[in-house]
Amino acid sequence: MRPLKRSVNPAEPKRIARTRLPAYALAAFLFFAFCALGTWQVQRLEWKLNLIERVEARAFGVPQVLPAQSEWPAVQRDTHEYLKVRLQGVYLPQYTSRVQASTVLGPGHWWLTPLQTSAGLVWVNRGYAPSGEADPLGNQPTGKPVEVVGLLRITEPGGGFLRSNQPEQGRWFSRDVQAMSARHGLAHAAPFFVDAGEPRNLNPEMVTFKPQIYPVDGLTIVRFTNNHLMYAITWYALALLVAIATVLLRRHLAPR
């Protein structure tokens, strides 16, 4: 006796296809979204590698002449940040401002002092010192010319993380040299500052380093995190997993 054949509703395949369509659409969206994010990270990787190359060429190259005052409006982060420069002038220690700092040597302050140069007034981050340390520049005769070699940095307006600068009280949490100039009534100051000193090798041994005199310069960190390759692999792997899961699900739900 032959088994009876089950009658198939002609509309059944279409109904099943309609119920699965949203899942396939979601899978397609996730696949292309993950691929797009992976491609974006590849582009970011190329950008970051080029940035690192440019910054290292600026920071560890031959010191350049400080941009003239007429060129100051064109000084931008992308083109001038970490440029090694050489400048000469006279410090104005009566305007020294202390900015809260956290360094490999511990918490304390950056000492920023304006330097009167032939190009104009330029703030110089002379380095780090613990809180309460006396400024040796105050004991030196004023008007003594000095030469500074350091890295050009762009002003840091506003303040630090969750802490705004308080110019009226002389409390600074970021190196906002434009606000410092305004507080002291200094006109024609550069919209950037210079971190004095050659960048040091900031390894764990620096923690035990005991300076003989403050401030300690050369603590600028010239280092960039670069995790874009890992991110790109992660996004592409997720796209591959979505594709594999979709194929397996389709096979599992296929009529037998």
# chains A, B, ... in the order shown; residues from 1 in each chain; ligands from 1

call {"tool": "residues_around", "arguments": {"residues": "Gly218 (chain A)", "least_positions_apart": "6", "cutoff": "6 Å", "atoms": "only C-alpha atoms", "output": "compact mmCIF listing (two decimals) with C-alpha atoms, in the first residue's frame"}}
result
# COMPACT_ATOMS: atom_id res chain seq x y z
CA GLY A 197 63.61 70.35 25.65
CA GLU A 198 64.30 67.31 23.54
CA PRO A 199 61.77 64.49 24.09
CA ARG A 200 63.12 62.06 26.66

call {"tool": "select_by_dssp", "arguments": {"residues": "region 15-255 of chain A", "states": "strand (DSSP E)", "output": "count of residues only"}}
result
61

call {"tool": "residues_around", "arguments": {"residues": "region 35-48 of chain A", "least_positions_apart": "5", "cutoff": "6 Å", "atoms": "only C-alpha atoms", "output": "list in words"}}
result
His228, Ala232, Trp235 and Tyr236 of chain A

call {"tool": "select_by_dssp", "arguments": {"residues": "region 60-234 of chain A", "states": "alpha helix (DSSP H)", "output": "ChimeraX atom specification"}}
result
/A:77-80,177-184,228-234

call {"tool": "closest_residue", "arguments": {"among": "A:Tyr82, A:Tyr24, A:Phe173, A:Phe31", "to": "Gln100 (chain A)", "atoms": "only C-alpha atoms"}}
result
A:Phe173

call {"tool": "closest_residue", "arguments": {"among": "A:Ser131, A:Thr79, A:Thr220, A:Thr155", "to": "Arg58 (chain A)", "atoms": "only C-alpha atoms"}}
result
A:Thr79

call {"tool": "atom_distance", "arguments": {"atom1": "CA of Pro145 (chain A)", "atom2": "CA of Leu115 (chain A)"}}
result
9.6 Å

call {"tool": "atom_distance", "arguments": {"atom1": "CA of Arg86 (chain A)", "atom2": "CA of Gly120 (chain A)"}}
result
13.9 Å
